[in-house]
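Structure file my_file.txt (compact mmCIF, C-alpha atoms and all ligand atoms) is printed below.
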```txt
# COMPACT_ATOMS: atom_id res chain seq x y z
CA MET A 1 45.43 150.87 290.58
CA ALA A 2 41.96 152.25 291.07
CA VAL A 3 39.52 151.01 293.67
CA LEU A 4 36.38 150.61 291.62
CA LYS A 5 33.73 150.95 294.30
CA LYS A 6 30.93 151.40 291.79
CA ILE A 7 31.92 148.26 289.95
CA ARG A 8 32.46 146.30 293.14
CA THR A 9 29.00 147.19 294.43
CA ARG A 10 27.51 146.08 291.17
CA TRP A 11 29.50 142.92 290.58
CA TRP A 12 30.84 141.51 293.81
CA THR A 13 27.58 139.85 294.66
CA GLN A 14 28.13 137.40 291.80
CA PRO A 15 28.60 133.75 292.89
CA ALA A 16 32.14 132.51 293.42
CA PRO A 17 33.63 130.37 290.64
CA PRO A 18 32.92 126.66 290.98
CA ASP A 19 35.36 124.46 292.90
CA GLY A 20 38.28 123.46 290.76
CA TYR A 21 38.07 126.58 288.60
CA PRO A 22 41.64 127.58 287.83
CA GLN A 23 42.69 130.54 289.98
CA SER A 24 46.06 130.85 288.32
CA VAL A 25 47.66 129.44 285.26
CA PRO A 26 51.33 128.51 285.47
CA GLU A 27 53.34 130.39 282.91
CA PRO A 28 56.82 129.55 281.70
CA THR A 29 59.54 131.81 283.02
CA LEU A 30 62.07 133.22 280.60
CA VAL A 31 65.39 133.73 282.28
CA GLY A 32 68.13 135.18 280.15
CA VAL A 33 66.12 134.70 276.96
CA ALA A 34 65.81 137.65 274.59
CA THR A 35 62.10 138.12 274.04
CA ARG A 36 60.29 140.26 271.53
CA TYR A 37 57.00 141.71 272.71
CA ASP A 38 54.04 143.09 270.84
CA VAL A 39 51.36 145.38 272.23
CA ARG A 40 47.86 144.53 271.03
CA PRO A 41 44.28 145.40 271.97
CA LEU A 42 42.96 143.60 275.04
CA THR A 43 39.43 142.28 274.63
CA ILE A 44 36.92 140.08 276.44
CA SER A 45 38.43 137.08 274.59
CA GLN A 46 41.39 137.36 276.97
CA LEU A 47 39.24 137.62 280.12
CA ASP A 48 40.61 134.58 281.99
CA GLU A 49 44.20 135.08 280.86
CA CYS A 50 44.07 138.69 282.05
CA TRP A 51 42.36 137.84 285.34
CA ASN A 52 44.97 135.17 286.09
CA LEU A 53 47.85 137.49 285.23
CA ASP A 54 46.35 140.22 287.43
CA GLN A 55 46.43 137.86 290.41
CA ARG A 56 50.13 137.31 289.83
CA CYS A 57 50.75 141.06 289.55
CA PHE A 58 48.72 142.18 292.57
CA VAL A 59 49.67 139.98 295.49
CA ASP A 60 48.52 142.53 298.08
CA GLY A 61 44.89 141.37 298.11
CA GLU A 62 43.83 144.16 295.76
CA ALA A 63 43.50 142.07 292.59
CA TYR A 64 40.23 142.67 290.76
CA SER A 65 37.56 139.99 290.63
CA ARG A 66 36.78 138.16 287.39
CA GLU A 67 33.47 140.04 287.27
CA THR A 68 35.25 143.37 287.50
CA PHE A 69 37.43 142.40 284.55
CA GLU A 70 34.35 141.29 282.66
CA TYR A 71 32.87 144.73 283.22
CA LEU A 72 36.08 146.58 282.36
CA LEU A 73 36.67 144.65 279.14
CA THR A 74 33.13 144.98 277.81
CA ALA A 75 32.44 148.61 278.74
CA PRO A 76 32.19 150.77 275.60
CA GLU A 77 34.46 153.32 277.27
CA SER A 78 37.24 150.75 277.77
CA VAL A 79 40.66 151.46 276.22
CA SER A 80 42.73 148.38 276.95
CA TYR A 81 45.90 146.71 275.70
CA ARG A 82 48.03 143.65 276.40
CA ALA A 83 51.69 142.87 275.91
CA VAL A 84 52.36 139.46 274.41
CA THR A 85 55.48 137.42 273.77
CA SER A 86 56.27 136.16 270.27
CA GLY A 87 54.64 132.90 271.40
CA GLY A 88 51.37 134.75 272.10
CA LEU A 89 51.56 134.61 275.92
CA MET A 90 50.09 137.64 277.69
CA VAL A 91 52.69 139.10 280.04
CA GLY A 92 51.28 142.57 280.63
CA PHE A 93 48.07 144.56 280.43
CA VAL A 94 46.67 148.03 280.90
CA ILE A 95 43.02 148.96 281.27
CA GLY A 96 41.75 152.48 280.83
CA LEU A 97 38.27 153.97 280.87
CA VAL A 98 37.08 157.18 279.27
CA GLU A 99 35.16 158.72 282.16
CA PRO A 100 31.94 160.75 281.76
CA ASP A 101 33.92 163.97 282.38
CA HIS A 102 36.10 162.88 279.43
CA THR A 103 39.24 162.27 281.44
CA GLY A 104 41.14 159.09 280.70
CA HIS A 105 41.31 156.88 283.81
CA VAL A 106 44.01 154.23 283.96
CA THR A 107 42.34 151.72 286.27
CA THR A 108 45.08 149.10 286.30
CA VAL A 109 48.39 148.16 284.72
CA GLY A 110 50.46 145.08 285.42
CA VAL A 111 53.45 143.19 284.07
CA ALA A 112 54.29 139.56 284.97
CA PRO A 113 57.06 139.56 287.59
CA GLU A 114 59.54 137.70 285.35
CA HIS A 115 59.07 140.21 282.52
CA ARG A 116 59.53 143.43 284.50
CA ARG A 117 62.14 146.13 283.84
CA ARG A 118 61.95 145.59 280.07
CA HIS A 119 59.96 148.77 279.50
CA LEU A 120 56.69 146.92 279.04
CA GLY A 121 54.92 148.99 281.70
CA LYS A 122 56.09 152.12 279.89
CA ARG A 123 55.02 150.80 276.48
CA LEU A 124 51.58 149.86 277.78
CA MET A 125 51.11 153.29 279.35
CA LEU A 126 52.17 155.04 276.13
CA GLN A 127 49.75 152.87 274.17
CA VAL A 128 46.79 153.60 276.46
CA GLU A 129 47.59 157.31 276.23
CA GLU A 130 47.51 156.98 272.44
CA GLY A 131 44.15 155.18 272.69
CA PHE A 132 42.84 157.99 274.89
CA ARG A 133 44.10 160.63 272.43
CA ARG A 134 42.15 158.95 269.64
CA ARG A 135 39.04 159.39 271.81
CA ASN A 136 39.80 163.07 272.31
CA VAL A 137 40.94 162.68 275.91
CA ARG A 138 43.23 165.49 277.03
CA LEU A 139 43.78 164.61 280.70
CA VAL A 140 44.76 161.24 282.17
CA ARG A 141 44.40 160.30 285.83
CA LEU A 142 45.34 157.28 287.91
CA GLU A 143 45.60 156.23 291.53
CA VAL A 144 48.64 154.49 292.96
CA ARG A 145 49.52 153.20 296.40
CA SER A 146 51.69 155.66 298.28
CA LEU A 147 54.12 152.77 299.01
CA ASN A 148 54.27 151.57 295.38
CA THR A 149 57.42 153.41 294.39
CA ALA A 150 58.09 151.19 291.35
CA ALA A 151 54.83 152.18 289.69
CA GLN A 152 55.27 155.81 290.72
CA LYS A 153 58.68 155.85 288.98
CA VAL A 154 57.10 154.57 285.76
CA TYR A 155 54.42 157.26 285.89
CA GLU A 156 56.80 160.08 286.89
CA ASN A 157 59.13 159.19 284.00
CA LEU A 158 56.15 159.52 281.67
CA GLY A 159 55.23 162.98 282.97
CA TYR A 160 52.56 162.18 285.58
CA ALA A 161 52.54 164.36 288.69
CA VAL A 162 51.04 163.74 292.13
CA THR A 163 48.22 166.21 292.72
CA GLN A 164 46.53 164.78 295.81
CA ARG A 165 46.98 162.27 298.62
CA LEU A 166 43.99 159.95 299.11
CA PRO A 167 43.98 158.86 302.79
CA LYS A 168 42.92 155.21 303.34
CA TYR A 169 42.00 154.85 299.70
CA TYR A 170 42.75 151.12 299.73
CA SER A 171 40.72 148.54 301.63
CA ASN A 172 43.64 147.62 303.92
CA GLY A 173 43.88 151.26 304.97
CA GLY A 174 46.79 152.18 302.69
CA ASP A 175 46.90 155.69 301.27
CA GLY A 176 46.67 156.38 297.56
CA LEU A 177 48.15 159.14 295.43
CA LEU A 178 46.22 160.76 292.60
CA MET A 179 48.46 161.40 289.58
CA LEU A 180 47.58 163.44 286.52
CA LYS A 181 49.08 164.00 283.08
CA SER A 182 47.96 166.40 280.39
CA LEU A 183 48.08 164.94 276.88
CA ASP A 184 48.25 168.40 275.25
C1 LIG E 201 54.55 148.88 287.91
C2 LIG E 201 54.85 147.88 286.79
C3 LIG E 201 53.66 147.77 285.86
C4 LIG E 201 56.09 148.40 285.99
O1 LIG E 201 56.27 147.53 284.88
P1 LIG E 201 57.71 147.33 284.21
O2 LIG E 201 57.50 146.77 282.85
O3 LIG E 201 58.61 146.58 285.12
O4 LIG E 201 58.24 148.84 284.12
P2 LIG E 201 59.21 149.43 283.00
O5 LIG E 201 60.26 148.43 282.66
O6 LIG E 201 58.41 149.97 281.89
O7 LIG E 201 59.87 150.65 283.82
C5 LIG E 201 60.10 151.90 283.21
C6 LIG E 201 60.99 152.72 284.14
O8 LIG E 201 60.31 152.93 285.39
C7 LIG E 201 61.26 152.81 286.47
N1 LIG E 201 61.00 151.61 287.27
C8 LIG E 201 60.21 150.56 286.95
N2 LIG E 201 60.20 149.64 287.94
C9 LIG E 201 61.03 150.13 288.89
C10 LIG E 201 61.43 149.63 290.15
N3 LIG E 201 61.02 148.45 290.63
N4 LIG E 201 62.28 150.40 290.89
C11 LIG E 201 62.73 151.58 290.43
N5 LIG E 201 62.38 152.11 289.21
C12 LIG E 201 61.52 151.38 288.47
C13 LIG E 201 62.63 152.72 285.82
O9 LIG E 201 63.11 154.03 285.61
C14 LIG E 201 62.28 152.03 284.50
O10 LIG E 201 63.22 152.28 283.49
P3 LIG E 201 64.66 151.50 283.51
O11 LIG E 201 64.38 150.04 283.73
O12 LIG E 201 65.25 151.81 282.16
O13 LIG E 201 65.43 152.11 284.65
C15 LIG E 201 55.24 146.48 287.39
O14 LIG E 201 56.24 146.67 288.37
C16 LIG E 201 54.06 145.76 288.02
O15 LIG E 201 53.31 145.06 287.35
N6 LIG E 201 53.90 145.92 289.35
C17 LIG E 201 52.79 145.22 290.07
C18 LIG E 201 51.45 145.80 289.70
C19 LIG E 201 51.41 147.28 290.00
O16 LIG E 201 51.86 147.76 291.03
N7 LIG E 201 50.81 148.04 289.07
C20 LIG E 201 50.62 149.46 289.19
C21 LIG E 201 49.41 149.75 290.01
S1 LIG E 201 49.12 151.48 290.19
```
This entry written out as structure tokens:
Amino acid sequence: MAVLKKIRTRWWTQPAPPDGYPQSVPEPTLVGVATRYDVRPLTISQLDECWNLDQRCFVDGEAYSRETFEYLLTAPESVSYRAVTSGGLMVGFVIGLVEPDHTGHVTTVGVAPEHRRRHLGKRLMLQVEEGFRRRNVRLVRLEVRSLNTAAQKVYENLGYAVTQRLPKYYSNGGDGLLMLKSLD
């Protein structure tokens, strides 16, 4: 997950949501139920659903603010998708940006805890890569916590390689790893 300093500087001064604004929406858990998932574009219409899901995915204090999501989902360079159940519930998301240097930047990807290890993270990553390809992106980059071995496994399986360590990249002092993949 990327630390979006530029976006934070620009958006974090927004007022906090009013008291009583829902910080998380309870979602039904599906234990032992075979579920079919679709991957669809993620747009500003799903802002609150995505923001709430992100808070369930990133419990380390690094979840993005609602304003950051608003920025990410309205930016013209956004390449974003969601995974939904057959009932239409969002259970995963990926947000990418086509950067000015024309690299594809995966800023965040998350899957609801109760839907993990069903290859949704992989499907979302493959879909964002396809979206990048359509925009003539040839190189994809992302940042991941050095301790986040689950995410690193997903990326390594898809052909991403660590090219750099980013000391104290995260606000709690944790190191990041820069990972790259060529789409050629
Ligand atoms: C990282 C994350 C998106 C992976 O989503 P997922 O849908 O569970 O991942 P997938 O099912 O697509 O995993 C694909 C493969 O990656 C590997 N993998 C995934 N999670 C793993 C884990 N916890 N431990 C070991 N390997 C793992 C496995 O090889 C897996 O294939 P397999 O299940 O057939 O063995 C999910 O764990 C998540 O949302 N984590 C919290 C948010 C986060 O850290 N996001 C990434 C920020 S950089």
Would you tabulate, counting only C-alpha atoms and all ligand atoms, all residues of chain A that have an atom at most 7 Å from an atom of ligand LIG 201 (chain E), showing the closest pair of atoms and their distance in Å to one decimal, sorted by chain then ascending number, as a Markdown table?
```
| residue | atom | partner | partner_atom | distance |
| --- | --- | --- | --- | --- |
| A:Met1 | CA | E:LIG201 | S1 | 3.8 |
| A:Cys57 | CA | E:LIG201 | C17 | 4.7 |
| A:Phe58 | CA | E:LIG201 | C18 | 5.4 |
| A:Thr108 | CA | E:LIG201 | C21 | 5.7 |
| A:Val109 | CA | E:LIG201 | N7 | 5.0 |
| A:Gly110 | CA | E:LIG201 | O15 | 3.4 |
| A:Val111 | CA | E:LIG201 | O15 | 3.8 |
| A:Ala112 | CA | E:LIG201 | O15 | 6.1 |
| A:Pro113 | CA | E:LIG201 | O15 | 6.7 |
| A:His115 | CA | E:LIG201 | O2 | 6.8 |
| A:Arg116 | CA | E:LIG201 | O3 | 3.3 |
| A:Arg117 | CA | E:LIG201 | O5 | 3.2 |
| A:Arg118 | CA | E:LIG201 | O5 | 4.2 |
| A:His119 | CA | E:LIG201 | O6 | 3.1 |
| A:Leu120 | CA | E:LIG201 | O2 | 3.9 |
| A:Gly121 | CA | E:LIG201 | O2 | 3.6 |
| A:Lys122 | CA | E:LIG201 | O6 | 3.7 |
| A:Arg123 | CA | E:LIG201 | O6 | 6.4 |
| A:Glu143 | CA | E:LIG201 | S1 | 6.1 |
| A:Val144 | CA | E:LIG201 | S1 | 4.1 |
| A:Arg145 | CA | E:LIG201 | S1 | 6.5 |
| A:Asn148 | CA | E:LIG201 | O16 | 6.3 |
| A:Thr149 | CA | E:LIG201 | N4 | 6.7 |
| A:Ala150 | CA | E:LIG201 | C10 | 3.9 |
| A:Ala151 | CA | E:LIG201 | C1 | 3.8 |
| A:Lys153 | CA | E:LIG201 | C7 | 4.7 |
| A:Val154 | CA | E:LIG201 | O8 | 3.6 |
| A:Asn157 | CA | E:LIG201 | O8 | 6.5 |
```
> Around (46.5, 159.2, 299.1) in the file's frame, which residues reach within 10 Å when counting all atoms listed in the file? Return as a ChimeraX atom specification?
Replying inline: /A:143-147,162-170,174-179
Which residues are close to stretch 83-97 of chain A, i.e. within 7 Å by only C-alpha atoms, leaving aside same-chain residues fewer than 4 positions away? Reply as an mmCIF file with C-alpha atoms, in the coordinates of the input.
```
data_model
loop_
_atom_site.group_PDB
_atom_site.id
_atom_site.type_symbol
_atom_site.label_atom_id
_atom_site.label_comp_id
_atom_site.auth_asym_id
_atom_site.auth_seq_id
_atom_site.Cartn_x
_atom_site.Cartn_y
_atom_site.Cartn_z
ATOM 1 C CA THR A 35 62.100 138.120 274.040
ATOM 2 C CA ARG A 36 60.290 140.260 271.530
ATOM 3 C CA TYR A 37 57.000 141.710 272.710
ATOM 4 C CA ASP A 38 54.040 143.090 270.840
ATOM 5 C CA VAL A 39 51.360 145.380 272.230
ATOM 6 C CA ARG A 40 47.860 144.530 271.030
ATOM 7 C CA GLU A 77 34.460 153.320 277.270
ATOM 8 C CA SER A 78 37.240 150.750 277.770
ATOM 9 C CA VAL A 79 40.660 151.460 276.220
ATOM 10 C CA GLY A 104 41.140 159.090 280.700
ATOM 11 C CA HIS A 105 41.310 156.880 283.810
ATOM 12 C CA VAL A 106 44.010 154.230 283.960
ATOM 13 C CA THR A 107 42.340 151.720 286.270
ATOM 14 C CA THR A 108 45.080 149.100 286.300
ATOM 15 C CA VAL A 109 48.390 148.160 284.720
ATOM 16 C CA GLY A 110 50.460 145.080 285.420
ATOM 17 C CA VAL A 111 53.450 143.190 284.070
ATOM 18 C CA ALA A 112 54.290 139.560 284.970
ATOM 19 C CA HIS A 115 59.070 140.210 282.520
ATOM 20 C CA LEU A 124 51.580 149.860 277.780
ATOM 21 C CA VAL A 128 46.790 153.600 276.460
#
```
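Atom CA of A:Val137 is found 10.9 Å from atom CA of A:Lys181.
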>> If we count all atoms listed in the file and set the cut-off at 8 Å, which residues sit around A:Leu47, ignoring sequence neighbours fewer than 3 positions away in its own chain? Please answer as a PyMOL selection string.
In response: chain A and resi 43-44+50-51+66+69-70+73
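Picture a line from atom CA of A:Ser171 to atom CA of A:Ser65; it runs 14.3 Å.
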>> For a test of reading the model, state the distance in Å between atom CA of A:Thr68 and atom CA of A:Pro100, rounded to one decimal.
In response: 18.6 Å
